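**Student:** Dropping in model_0.txt, which is compact mmCIF, C-alpha atoms:
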# COMPACT_ATOMS: atom_id res chain seq x y z
CA ALA P 1227 -38.30 -6.86 9.66
CA LEU P 1228 -35.19 -5.93 7.71
CA ALA P 1229 -35.83 -2.21 8.22
CA ALA P 1230 -36.15 -2.81 11.95
CA ALA P 1231 -32.88 -4.76 11.97
CA PHE P 1232 -31.12 -1.95 10.10
CA ALA P 1233 -32.41 0.60 12.62
CA ALA P 1234 -30.64 -1.27 15.43
CA ALA P 1235 -27.44 -2.08 13.50
CA HIS P 1236 -24.12 -0.26 13.16
CA PRO P 1237 -23.64 1.65 9.87
CA ALA P 1238 -20.53 -0.40 9.05
CA ASP P 1239 -22.50 -3.65 9.40
CA ILE P 1240 -25.33 -2.30 7.23
CA ALA P 1241 -22.79 -1.26 4.58
CA LEU P 1242 -21.33 -4.78 4.62
CA VAL P 1243 -24.77 -6.30 4.01
CA ILE P 1244 -25.33 -3.96 1.05
CA GLU P 1245 -21.88 -4.63 -0.43
CA GLN P 1246 -22.40 -8.39 -0.34
CA ALA P 1247 -25.89 -8.23 -1.85
CA ASP P 1248 -26.62 -8.53 -5.57
CA GLU P 1249 -26.24 -5.22 -7.41
CA GLU P 1250 -29.89 -5.08 -8.45
CA ILE P 1251 -31.13 -4.99 -4.85
CA GLN P 1252 -28.45 -2.79 -3.27
CA PHE P 1253 -30.47 0.42 -3.61
CA LYS P 1254 -33.60 -1.32 -2.36
CA LEU P 1255 -31.69 -2.29 0.80
CA PHE P 1256 -30.36 1.26 1.15
CA SER P 1257 -33.90 2.65 0.95
CA LEU P 1258 -34.85 0.60 4.04
CA ILE P 1259 -32.30 2.36 6.22
CA PRO P 1260 -33.58 5.05 8.62
CA SER P 1261 -32.89 8.54 7.26
CA ASP P 1262 -30.57 9.52 10.10
CA LEU P 1263 -28.32 6.51 9.39
CA LYS P 1264 -28.13 6.87 5.60
CA PRO P 1265 -25.24 9.41 5.56
CA ASP P 1266 -23.13 7.18 7.84
CA VAL P 1267 -23.86 4.08 5.77
CA LEU P 1268 -23.06 5.90 2.53
CA ALA P 1269 -19.75 7.05 4.05
CA GLU P 1270 -18.93 3.42 4.89
CA LEU P 1271 -19.76 2.30 1.35
CA GLU P 1272 -17.58 4.94 -0.38
CA GLU P 1273 -16.16 3.27 -3.52
CA GLN P 1274 -18.82 0.52 -3.43
CA ALA P 1275 -21.61 3.12 -3.48
CA ASP P 1276 -22.08 3.23 -7.27
CA GLU P 1277 -25.36 1.29 -7.37
CA VAL P 1278 -26.82 3.46 -4.62
CA LEU P 1279 -25.65 6.79 -6.05
CA ASP P 1280 -26.86 5.92 -9.55
CA ALA P 1281 -30.40 5.61 -8.19
CA LEU P 1282 -30.34 8.93 -6.31
CA THR P 1283 -30.98 12.41 -7.64
CA SER P 1284 -28.42 15.18 -7.20
CA ARG P 1285 -30.66 16.79 -4.59
CA GLU P 1286 -30.87 13.56 -2.58
CA ILE P 1287 -27.09 13.09 -2.75
CA SER P 1288 -26.50 16.69 -1.65
CA ASP P 1289 -28.76 16.16 1.38
CA LEU P 1290 -26.82 13.04 2.34
CA VAL P 1291 -23.27 14.36 1.87
CA GLY P 1292 -24.24 17.57 3.67
CA GLU P 1293 -24.67 15.45 6.81
CA MET P 1294 -21.28 13.74 6.43
CA ALA P 1295 -17.86 14.70 7.71
CA PRO P 1296 -16.16 16.89 5.06
CA ASP P 1297 -13.52 14.25 4.24
CA ASP P 1298 -16.18 11.54 3.71
CA ALA P 1299 -18.23 13.91 1.55
CA ALA P 1300 -15.15 14.69 -0.54
CA ASP P 1301 -14.48 10.95 -1.00
CA ILE P 1302 -18.01 10.42 -2.31
CA LEU P 1303 -18.04 13.44 -4.65
CA GLY P 1304 -14.50 12.77 -5.86
CA ASP P 1305 -15.65 9.51 -7.43
CA LEU P 1306 -18.52 11.16 -9.34
CA PRO P 1307 -18.23 12.84 -12.76
CA ASP P 1308 -17.11 16.47 -12.46
CA LYS P 1309 -20.37 17.83 -13.84
CA GLN P 1310 -22.51 15.91 -11.34
CA SER P 1311 -20.13 16.73 -8.49
CA ASP P 1312 -20.33 20.46 -9.26
CA GLU P 1313 -24.12 20.27 -9.42
CA ILE P 1314 -24.28 18.61 -6.00
CA LEU P 1315 -21.90 21.16 -4.49
CA GLU P 1316 -24.13 23.96 -5.75
CA LEU P 1317 -27.11 22.37 -4.01
CA MET P 1318 -25.30 22.06 -0.66
CA ASP P 1319 -25.11 24.74 2.03
CA LYS P 1320 -22.37 27.20 1.13
CA GLU P 1321 -20.37 26.56 4.30
CA ASP P 1322 -20.42 22.79 3.76
CA SER P 1323 -19.68 23.01 0.06
CA ASP P 1324 -16.74 25.39 0.63
CA GLU P 1325 -15.14 22.90 3.01
CA VAL P 1326 -15.60 20.04 0.57
CA ARG P 1327 -14.26 22.11 -2.36
CA LYS P 1328 -11.07 22.79 -0.39
CA LEU P 1329 -10.55 19.07 0.15
CA LEU P 1330 -11.23 18.23 -3.50
CA GLU P 1331 -8.33 20.51 -4.50
CA TYR P 1332 -5.83 18.01 -3.07
CA PRO P 1333 -4.91 14.69 -4.70
CA GLU P 1334 -6.70 11.84 -2.95
CA ASP P 1335 -3.45 10.14 -1.88
CA THR P 1336 -2.09 13.16 0.02
CA ALA P 1337 -2.59 14.40 3.59
CA GLY P 1338 -4.93 17.10 2.25
CA GLY P 1339 -6.95 14.48 0.40
CA ILE P 1340 -7.61 12.37 3.51
CA MET P 1341 -7.89 15.11 6.15
CA THR P 1342 -11.07 16.58 7.61
CA THR P 1343 -11.47 20.32 8.06
CA ASP P 1344 -13.34 19.76 11.34
CA VAL P 1345 -10.59 21.05 13.63
CA ILE P 1346 -10.45 22.99 16.90
CA ALA P 1347 -8.11 26.00 17.07
CA VAL P 1348 -7.87 28.55 19.90
CA LYS P 1349 -5.57 31.44 20.72
CA ALA P 1350 -2.88 31.04 23.37
CA ASN P 1351 -4.24 33.85 25.58
CA LEU P 1352 -7.46 32.00 26.45
CA THR P 1353 -7.76 30.41 29.87
CA ALA P 1354 -8.38 26.69 30.24
CA GLN P 1355 -12.00 27.33 31.17
CA GLN P 1356 -12.51 29.65 28.21
CA ALA P 1357 -11.06 27.00 25.92
CA LEU P 1358 -13.51 24.42 27.25
CA ASP P 1359 -16.38 26.87 26.87
CA SER P 1360 -15.37 27.59 23.27
CA ILE P 1361 -15.72 23.96 22.24
CA ALA P 1362 -18.96 23.31 24.12
CA GLY P 1363 -21.82 22.65 21.73
CA LEU P 1364 -19.63 21.99 18.67
CA GLU P 1365 -21.22 19.46 16.34
CA PHE P 1366 -18.32 17.59 14.79
CA ASP P 1367 -18.90 14.36 12.92
CA GLU P 1368 -15.73 12.82 14.37
CA PRO P 1369 -14.52 12.91 18.00
CA PHE P 1370 -11.62 15.13 19.00
CA TYR P 1371 -9.03 14.59 21.71
CA SER P 1372 -6.91 17.72 21.61
CA ILE P 1373 -7.13 21.47 21.10
CA ASN P 1374 -4.77 23.09 18.64
CA ILE P 1375 -3.25 26.44 19.60
CA VAL P 1376 -2.65 28.98 16.84
CA ASP P 1377 -1.34 32.52 16.53
CA ASP P 1378 -3.07 35.49 14.92
CA GLU P 1379 -2.16 34.17 11.45
CA ASN P 1380 -3.66 30.74 12.23
CA ARG P 1381 -0.18 29.20 12.33
CA MET P 1382 -0.05 26.24 14.66
CA ILE P 1383 2.20 26.78 17.69
CA GLY P 1384 1.21 23.83 19.88
CA TYR P 1385 -1.58 21.69 21.25
CA VAL P 1386 -3.19 20.60 24.53
CA ASN P 1387 -4.93 17.28 25.16
CA ILE P 1388 -8.53 17.61 26.30
CA TRP P 1389 -7.94 15.38 29.30
CA GLU P 1390 -5.08 17.63 30.47
CA ILE P 1391 -7.49 20.56 30.62
CA LEU P 1392 -10.17 18.54 32.39
CA ILE P 1393 -7.87 17.32 35.17
CA SER P 1394 -6.23 20.73 35.63
CA LYS P 1395 -7.09 22.21 39.05
CA ASP P 1396 -6.41 25.75 37.88
CA LYS P 1397 -8.87 26.48 35.08
CA SER P 1398 -7.68 30.10 35.02
CA MET P 1399 -4.28 29.07 33.63
CA LYS P 1400 -3.56 30.34 30.13
CA ILE P 1401 -3.95 27.63 27.53
CA GLY P 1402 -0.67 28.78 25.99
CA ASP P 1403 1.16 27.93 29.24
CA MET P 1404 -0.21 24.38 29.07
CA ALA P 1405 0.69 23.87 25.42
CA HIS P 1406 3.01 21.24 24.04
CA ARG P 1407 5.23 23.30 21.77
CA ARG P 1408 6.94 20.30 20.21
CA PHE P 1409 4.43 18.64 17.92
CA ILE P 1410 4.14 16.59 14.75
CA ALA P 1411 2.25 18.08 11.81
CA VAL P 1412 2.24 17.24 8.11
CA ASN P 1413 2.05 19.38 5.02
CA ALA P 1414 -1.19 19.08 3.06
CA ASN P 1415 0.75 17.86 0.01
CA GLU P 1416 2.57 15.10 1.91
CA ASP P 1417 2.03 11.59 0.56
CA GLN P 1418 -0.45 9.55 2.60
CA GLU P 1419 2.12 6.77 3.13
CA GLU P 1420 4.41 9.24 4.89
CA VAL P 1421 1.49 10.39 7.05
CA VAL P 1422 0.90 6.78 8.12
CA ARG P 1423 4.61 6.31 8.87
CA LEU P 1424 4.63 9.37 11.11
CA GLY P 1425 1.45 8.26 12.87
CA SER P 1426 2.89 4.80 13.48
CA HIS P 1427 6.31 6.05 14.57
CA TYR P 1428 4.99 8.57 17.07
CA ASP P 1429 1.87 6.59 18.12
CA LEU P 1430 -0.45 9.39 17.01
CA SER P 1431 -4.22 9.03 16.77
CA VAL P 1432 -4.61 12.48 15.17
CA ILE P 1433 -2.16 14.40 12.99
CA PRO P 1434 -2.61 18.13 12.28
CA VAL P 1435 -2.35 19.21 8.63
CA VAL P 1436 -0.78 22.57 7.74
CA ASP P 1437 0.06 24.51 4.59
CA ASP P 1438 3.51 25.67 3.45
CA GLU P 1439 3.39 28.62 5.90
CA GLY P 1440 2.40 26.42 8.84
CA ARG P 1441 -1.25 27.55 8.91
CA LEU P 1442 -3.62 24.95 10.31
CA LEU P 1443 -5.88 23.43 7.66
CA GLY P 1444 -7.31 20.31 9.22
CA ARG P 1445 -6.45 16.97 10.79
CA VAL P 1446 -6.03 13.34 9.80
CA THR P 1447 -7.88 11.11 12.24
CA HIS P 1448 -7.10 7.54 13.28
CA ASP P 1449 -9.85 6.00 11.15
CA ASP P 1450 -8.34 7.59 8.05
CA LEU P 1451 -4.89 6.29 9.04
CA VAL P 1452 -6.30 2.76 9.31
CA ASP P 1453 -8.00 3.11 5.91
CA VAL P 1454 -4.73 4.20 4.31
CA ILE P 1455 -2.83 1.31 5.91
CA GLN P 1456 -5.35 -1.15 4.51
CA GLU P 1457 -5.40 0.54 1.10
CA GLU P 1458 -1.61 0.64 0.72
CA ALA P 1459 -1.19 -2.93 1.96
CA SER P 1460 -3.81 -4.19 -0.50
CA GLU P 1461 -2.20 -2.27 -3.32
CA ASP P 1462 1.25 -3.74 -2.62
CA ILE P 1463 -0.07 -7.29 -2.20
CA PHE P 1464 -1.89 -7.12 -5.53
CA ARG P 1465 1.14 -5.69 -7.29
CA LEU P 1466 3.32 -8.43 -5.86
CA ALA P 1467 0.99 -10.85 -7.64
CA GLY P 1468 0.91 -8.82 -10.86
CA SER P 1469 -2.68 -7.66 -10.39
CA ASP P 1470 -4.55 -4.59 -9.16
CA ASP P 1471 -6.71 -3.83 -6.13
CA SER P 1472 -9.52 -2.67 -8.42
CA GLU P 1473 -10.36 -6.36 -8.87
CA LEU P 1474 -11.89 -6.34 -5.38
CA GLU P 1475 -14.78 -4.29 -6.75
CA GLU P 1476 -14.67 -5.51 -10.34
CA HIS P 1477 -17.32 -8.02 -11.41
CA SER P 1478 -16.39 -8.17 -15.10
CA VAL P 1479 -14.40 -11.23 -16.14
CA LEU P 1480 -13.05 -9.38 -19.18
CA ARG P 1481 -11.77 -6.42 -17.12
CA SER P 1482 -10.16 -8.75 -14.58
CA CYS P 1483 -8.39 -10.51 -17.44
CA MET P 1484 -7.19 -7.18 -18.85
CA THR P 1485 -5.74 -6.31 -15.44
CA ARG P 1486 -3.80 -9.55 -15.10
CA LEU P 1487 -2.76 -10.24 -18.69
CA PRO P 1488 0.02 -7.59 -18.99
CA TRP P 1489 2.06 -9.31 -16.28
CA LEU P 1490 1.31 -12.73 -17.74
CA PHE P 1491 2.54 -11.46 -21.12
CA ILE P 1492 5.81 -10.50 -19.42
CA THR P 1493 6.03 -14.00 -17.96
CA LEU P 1494 5.22 -15.50 -21.37
CA PHE P 1495 7.93 -13.39 -22.97
CA GLY P 1496 10.34 -14.64 -20.32
CA GLY P 1497 9.33 -18.18 -21.26
CA PHE P 1498 10.29 -17.41 -24.87
CA VAL P 1499 13.70 -16.20 -23.71
CA THR P 1500 14.33 -19.32 -21.60
CA SER P 1501 13.34 -21.45 -24.60
CA LEU P 1502 15.88 -19.60 -26.75
CA ILE P 1503 18.58 -20.11 -24.13
CA PHE P 1504 17.74 -23.80 -23.95
CA SER P 1505 17.85 -24.02 -27.73
CA ALA P 1506 21.20 -22.18 -27.94
CA PHE P 1507 22.88 -24.58 -25.55
CA SER P 1508 21.11 -27.77 -26.64
CA ASN P 1509 23.51 -28.63 -29.47
CA ARG P 1510 26.54 -28.42 -27.21
CA ILE P 1511 25.11 -30.43 -24.33
CA SER P 1512 22.59 -32.68 -26.08
CA ASN P 1513 24.52 -35.80 -25.12
CA ILE P 1514 24.34 -34.97 -21.41
CA ALA P 1515 20.67 -35.69 -20.81
CA ALA P 1516 21.11 -35.71 -17.04
CA LEU P 1517 21.63 -31.94 -17.09
CA SER P 1518 17.96 -31.39 -17.81
CA PHE P 1519 16.99 -33.26 -14.63
CA PHE P 1520 18.00 -30.33 -12.46
CA VAL P 1521 16.88 -27.34 -14.56
CA PRO P 1522 13.51 -26.96 -12.73
CA ALA P 1523 15.22 -27.01 -9.33
CA VAL P 1524 17.81 -24.39 -10.26
CA MET P 1525 15.21 -22.07 -11.81
CA ALA P 1526 12.76 -22.48 -8.92
CA MET P 1527 15.38 -21.79 -6.25
CA GLY P 1528 16.67 -18.73 -8.10
CA GLY P 1529 13.14 -17.35 -8.51
CA ASN P 1530 12.16 -17.92 -4.88
CA THR P 1531 15.38 -16.38 -3.57
CA GLY P 1532 14.75 -13.27 -5.64
CA ILE P 1533 11.16 -13.04 -4.37
CA GLN P 1534 12.35 -13.29 -0.76
CA SER P 1535 14.87 -10.49 -1.20
CA SER P 1536 12.59 -8.19 -3.17
CA THR P 1537 9.71 -8.66 -0.73
CA LEU P 1538 12.00 -7.79 2.19
CA ILE P 1539 13.24 -4.64 0.44
CA VAL P 1540 9.74 -3.55 -0.65
CA ARG P 1541 8.46 -3.95 2.89
CA SER P 1542 11.47 -2.08 4.32
CA ILE P 1543 10.85 0.80 1.93
CA ALA P 1544 7.14 0.84 2.82
CA LEU P 1545 7.95 0.99 6.54
CA GLY P 1546 10.65 3.62 6.04
CA SER P 1547 13.31 1.38 7.61
CA MET P 1548 15.51 1.21 4.53
CA PRO P 1549 18.84 3.00 5.26
CA LYS P 1550 19.00 5.76 2.62
CA HIS P 1551 22.70 6.51 3.02
CA ASN P 1552 23.95 2.98 3.67
CA VAL P 1553 22.44 1.02 0.81
CA MET P 1554 25.70 -0.74 -0.08
CA THR P 1555 25.91 -2.26 3.38
CA PHE P 1556 22.35 -3.52 3.00
CA LEU P 1557 23.14 -5.01 -0.42
CA ALA P 1558 26.33 -6.59 0.92
CA LYS P 1559 24.23 -8.27 3.60
CA GLU P 1560 21.82 -9.64 0.98
CA LEU P 1561 24.79 -10.84 -1.10
CA SER P 1562 26.14 -12.69 1.93
CA ILE P 1563 22.73 -14.19 2.70
CA GLY P 1564 22.30 -15.33 -0.91
CA ALA P 1565 25.80 -16.83 -0.96
CA VAL P 1566 25.30 -18.74 2.31
CA MET P 1567 21.88 -20.05 1.24
CA GLY P 1568 23.34 -20.93 -2.18
CA LEU P 1569 26.21 -22.80 -0.55
CA VAL P 1570 23.88 -24.81 1.68
CA CYS P 1571 21.30 -25.59 -1.02
CA GLY P 1572 23.99 -26.15 -3.66
CA SER P 1573 25.76 -28.67 -1.44
CA ILE P 1574 22.52 -30.54 -0.79
CA ILE P 1575 21.50 -30.75 -4.45
CA GLY P 1576 25.08 -31.65 -5.44
CA ILE P 1577 25.11 -34.59 -3.01
CA PHE P 1578 21.67 -35.65 -4.21
CA ALA P 1579 22.78 -35.48 -7.87
CA TYR P 1580 25.88 -37.57 -7.18
CA PHE P 1581 24.02 -40.41 -5.46
CA MET P 1582 21.14 -40.24 -7.94
CA LEU P 1583 23.43 -40.71 -10.94
CA THR P 1584 25.65 -43.24 -9.22
CA PHE P 1585 22.96 -45.61 -7.99
CA THR P 1586 20.43 -45.27 -10.84
CA GLY P 1587 22.95 -46.11 -13.53
CA GLY P 1588 22.26 -42.84 -15.30
CA GLU P 1589 25.91 -41.76 -15.64
CA PRO P 1590 26.29 -39.29 -18.53
CA SER P 1591 28.71 -39.98 -21.33
CA LEU P 1592 30.88 -36.85 -20.92
CA LEU P 1593 30.50 -36.00 -17.25
CA ARG P 1594 31.03 -38.35 -14.37
CA PRO P 1595 28.57 -38.17 -11.46
CA GLN P 1596 30.97 -36.09 -9.36
CA HIS P 1597 31.45 -33.63 -12.22
CA LEU P 1598 27.72 -33.22 -12.81
CA ALA P 1599 27.11 -32.88 -9.08
CA GLY P 1600 29.70 -30.09 -9.05
CA VAL P 1601 28.01 -28.37 -12.00
CA VAL P 1602 24.60 -28.45 -10.36
CA ALA P 1603 25.96 -27.30 -7.00
CA ALA P 1604 27.99 -24.44 -8.51
CA ALA P 1605 25.12 -23.34 -10.75
CA LEU P 1606 22.64 -23.25 -7.86
CA PHE P 1607 25.12 -21.32 -5.71
CA CYS P 1608 25.64 -18.69 -8.42
CA ALA P 1609 21.96 -18.49 -9.33
CA MET P 1610 20.81 -17.94 -5.73
CA THR P 1611 23.56 -15.40 -5.02
CA PHE P 1612 22.69 -13.42 -8.15
CA ALA P 1613 18.95 -13.64 -7.41
CA ALA P 1614 19.40 -12.26 -3.88
CA VAL P 1615 21.33 -9.25 -5.16
CA PHE P 1616 19.09 -8.63 -8.17
CA GLY P 1617 15.92 -8.97 -6.09
CA SER P 1618 17.30 -6.31 -3.73
CA CYS P 1619 18.64 -3.87 -6.32
CA VAL P 1620 15.55 -3.45 -8.51
CA PRO P 1621 13.14 -2.22 -5.79
CA ILE P 1622 15.81 0.19 -4.50
CA LEU P 1623 16.42 1.61 -7.98
CA LEU P 1624 12.71 2.00 -8.69
CA SER P 1625 12.22 3.72 -5.35
CA ARG P 1626 14.99 6.19 -6.22
CA PHE P 1627 13.15 7.00 -9.47
CA LYS P 1628 9.86 7.52 -7.57
CA VAL P 1629 8.29 4.34 -8.97
CA ASP P 1630 6.36 2.05 -6.63
CA PRO P 1631 8.88 -0.72 -5.84
CA ALA P 1632 6.09 -3.27 -5.43
CA VAL P 1633 5.89 -3.55 -9.22
CA ALA P 1634 9.44 -4.94 -9.17
CA SER P 1635 8.37 -8.08 -7.34
CA GLY P 1636 6.24 -11.05 -8.21
CA PRO P 1637 6.20 -12.01 -11.89
CA PHE P 1638 8.95 -9.58 -12.92
CA ILE P 1639 11.54 -10.80 -10.42
CA THR P 1640 10.60 -14.43 -10.96
CA ILE P 1641 10.99 -14.44 -14.74
CA VAL P 1642 14.27 -12.48 -14.72
CA ASN P 1643 15.70 -14.88 -12.15
CA ASP P 1644 14.48 -17.86 -14.18
CA ILE P 1645 16.33 -16.54 -17.22
CA SER P 1646 19.49 -15.76 -15.25
CA ALA P 1647 19.42 -19.12 -13.44
CA LEU P 1648 19.16 -21.04 -16.70
CA ALA P 1649 21.94 -18.98 -18.31
CA ILE P 1650 24.17 -19.48 -15.26
CA TYR P 1651 23.46 -23.22 -15.20
CA PHE P 1652 24.46 -23.81 -18.80
CA THR P 1653 27.41 -21.39 -18.65
CA VAL P 1654 28.88 -23.26 -15.69
CA THR P 1655 28.32 -26.52 -17.54
CA LEU P 1656 30.12 -25.32 -20.67
CA MET P 1657 33.02 -23.95 -18.63
CA LEU P 1658 33.43 -27.33 -16.98
CA LEU P 1659 33.15 -29.14 -20.32
CA MET P 1660 35.85 -26.89 -21.80
CA SER P 1661 38.12 -27.47 -18.84
CA ILE P 1662 37.67 -31.23 -19.18
CA GLY P 1663 38.23 -31.07 -22.91
CA SER P 1664 41.45 -29.10 -22.49
Go ahead and render the structure in this file as structure tokens.
**Tutor:**
Amino acid sequence: ALAAAFAAAHPADIALVIEQADEEIQFKLFSLIPSDLKPDVLAELEEQADEVLDALTSREISDLVGEMAPDDAADILGDLPDKQSDEILELMDKEDSDEVRKLLEYPEDTAGGIMTTDVIAVKANLTAQQALDSIAGLEFDEPFYSINIVDDENRMIGYVNIWEILISKDKSMKIGDMAHRRFIAVNANEDQEEVVRLGSHYDLSVIPVVDDEGRLLGRVTHDDLVDVIQEEASEDIFRLAGSDDSELEEHSVLRSCMTRLPWLFITLFGGFVTSLIFSAFSNRISNIAALSFFVPAVMAMGGNTGIQSSTLIVRSIALGSMPKHNVMTFLAKELSIGAVMGLVCGSIIGIFAYFMLTFTGGEPSLLRPQHLAGVVAAALFCAMTFAAVFGSCVPILLSRFKVDPAVASGPFITIVNDISALAIYFTVTLMLLMSIGS
């Protein structure tokens, strides 16, 4: 019954069933799939295919990947040990293996690493009818919507959409006369995030991939663009939380702990620093117990303000909307936002502190309620203003040094802003105490 259900199901749905099953029965489920669907299901599994691949021989894997699109085959073989991957490539048809070898030469996070070599290229002197005839009978694993036009050196000079050829009344027109000469193509070594940005900006479903001389190598299709979007978004979200997207496939408690602990150690170290700051100031303000009432609020507001700013900057960098030559204007805006929010929140907490100390009878011995309210308000204003600027600066600096700015958010920003907020709070307090004393 299950085999019959698989025969009528979509490969993506079958892959989902296998992924959610217990590891010990994943291969048993895979063996129930009709032979003609197995390559498509394996392509959908990709990184979750370990249990299935471990139970297959090199010959069986070569038969399956030989039926896949070249980019999917490269994804599967790229995750295998080099020795096994080479053995499988040797067992494949030479034409198929050559295409896969070309793709494996590129890093997996580049345009070359996600492209497929299944691409249509014709010369400009062909007629529209000849172009249609040339693509008739092609057996590509992925649909195509346009024909690329190349010169004698295989350099791309334009493209024509298939539908434009089909609706053309004059099929004797040269394909070169119908070509769009202004086109978007990416270099094979371009980062996959930039490929996605171009696809999104120009509403492209397919992006040609060329080498340094402009020779056509392949194309990045819309399904690969969607995969990259999901992959990059997951990666950034996990890094914002101080974790790693490998946890999605990781079943080991110990390995999950090892992934998360480094960031927690940073947070723990930050806790040590805040304790030292508290200890350093405690002797000088020990007789003003009311000051401790508002420490959590000041630290929390500073941390959250920094997270807001850093998240905005990280997302702007990811979308390519960060002004590269006008960063100071952007930082000035964040400074203004932090100052305004600090003024509003500082005023509210200052008013609350005043009435709290006035009507609860908790007036401190050295500071009157209005003085303490002013300390809390001023400290929160300074802490939020600093946090907004700091949360903006760190991702920008990391981006300039080619480091993923997402690592600057989450635990890192929070703990630094906690430390700065506490230092600001007590510094403002001591300045006020000194002014009163003088």
**Student:** In Å, rounded to a single decimal, give me how far atom CA of P:Pro1637 is from atom CA of P:Gly1529.
**Tutor:**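 Result for atom CA of P:Gly1529 versus atom CA of P:Pro1637: 9.4 Å, one decimal.
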**Student:** Write out as a list in words which residues come within 7 Å of P:Asn1380 when counting all atoms listed in the file, dropping same-chain ones fewer than 4 positions away.
**Tutor:** Val1376, Arg1441 and Leu1442 of chain P
**Student:** For P:Glu1249, please output as a PyMOL selection string all residues within 10 Å (counting all atoms listed in the file; exclusion window: fewer than 5 positions along the same chain).
**Tutor:** chain P and resi 1244+1254+1276-1278
**Student:** So which residues touch stretch 1560-1566 of chain P within 10 Å, counting only C-alpha atoms, skipping near sequence neighbours fewer than 4 positions away, as a PyMOL selection string?
**Tutor:** chain P and resi 1528+1531-1532+1535+1539+1554-1556+1570-1572+1606-1619
**Student:** What's the 10 Å shell around P:Leu1451, counting all atoms listed in the file, without same-chain residues fewer than 5 positions away, as a list in words?
**Tutor:**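 Counting all atoms listed in the file, the residues come to Ile1340, Met1341, Gln1418, Glu1419, Val1421, Val1422, Arg1423, Gly1425, Ser1426, Leu1430, Ser1431, Val1432, Ile1433, Val1446, Gln1456 and Glu1457 of chain P.
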**Student:** Quick one: distance from atom CA of P:Met1525 to atom CA of P:Val1602 in Å, one decimal?
**Tutor:**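 A separation of 11.4 Å between them.
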**Student:** Mind pulling up the distance from atom CA of P:Ile1302 to atom CA of P:Arg1486?
**Tutor:**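 Separating atom CA of P:Arg1486 from atom CA of P:Ile1302 is a distance of 27.6 Å.
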**Student:** Nearest to P:Asn1351 among P:Ile1393, P:Ile1388, P:Ala1405, P:Val1267, with distances taken over only C-alpha atoms: which residue is it?
**Tutor:**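 Checking each of P:Ile1393, P:Ile1388, P:Ala1405, P:Val1267 against P:Asn1351, counting only C-alpha atoms, the winner is P:Ala1405.
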**Student:** Show which residues sit within 10 Å of P:Asp1301, as a PyMOL selection string. Count only C-alpha atoms, and ignore same-chain residues fewer than 3 positions away.
**Tutor:** chain P and resi 1269+1272-1273+1291+1296-1298+1304-1306+1326+1329-1330+1334+1339-1340
**Student:** Hey, which of P:Ile1375, P:Leu1443, P:Leu1517, P:Ala1526 ends up closest to P:Val1654? Count all atoms listed in the file.
**Tutor:**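 Using all atoms listed in the file, P:Val1654 sits closest to P:Leu1517.
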**Student:** Around stretch 1402-1417 of chain P, with edges along x, y and z and 6 Å added on all six sides, what centre and edge lengths do you get, in Å to one decimal, as AutoDock Vina command-line options?
**Tutor:**
--center_x 2.9 --center_y 20.2 --center_z 14.6 --size_x 20.1 --size_y 29.2 --size_z 41.2
**Student:** Which of these, P:Leu1557, P:Leu1648, P:Met1399, P:Lys1349, has the shortest distance to P:Phe1520 once you count all atoms listed in the file?
**Tutor:**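 The shortest atom-to-atom distance to P:Phe1520 comes from P:Leu1648.
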**Student:** Using all atoms listed in the file, which of the listed residues (P:Asp1450, P:Tyr1332, P:Gly1546, P:Gly1384) sits closest to P:Asp1437?
**Tutor:** P:Tyr1332
**Student:** When distances are computed from all atoms listed in the file, which of P:Val1642, P:Asp1248, P:Ala1238, P:Phe1464 shows the smallest separation from P:Leu1494?
**Tutor:**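 Looking only at the distances to P:Leu1494, the closest residue turns out to be P:Val1642.
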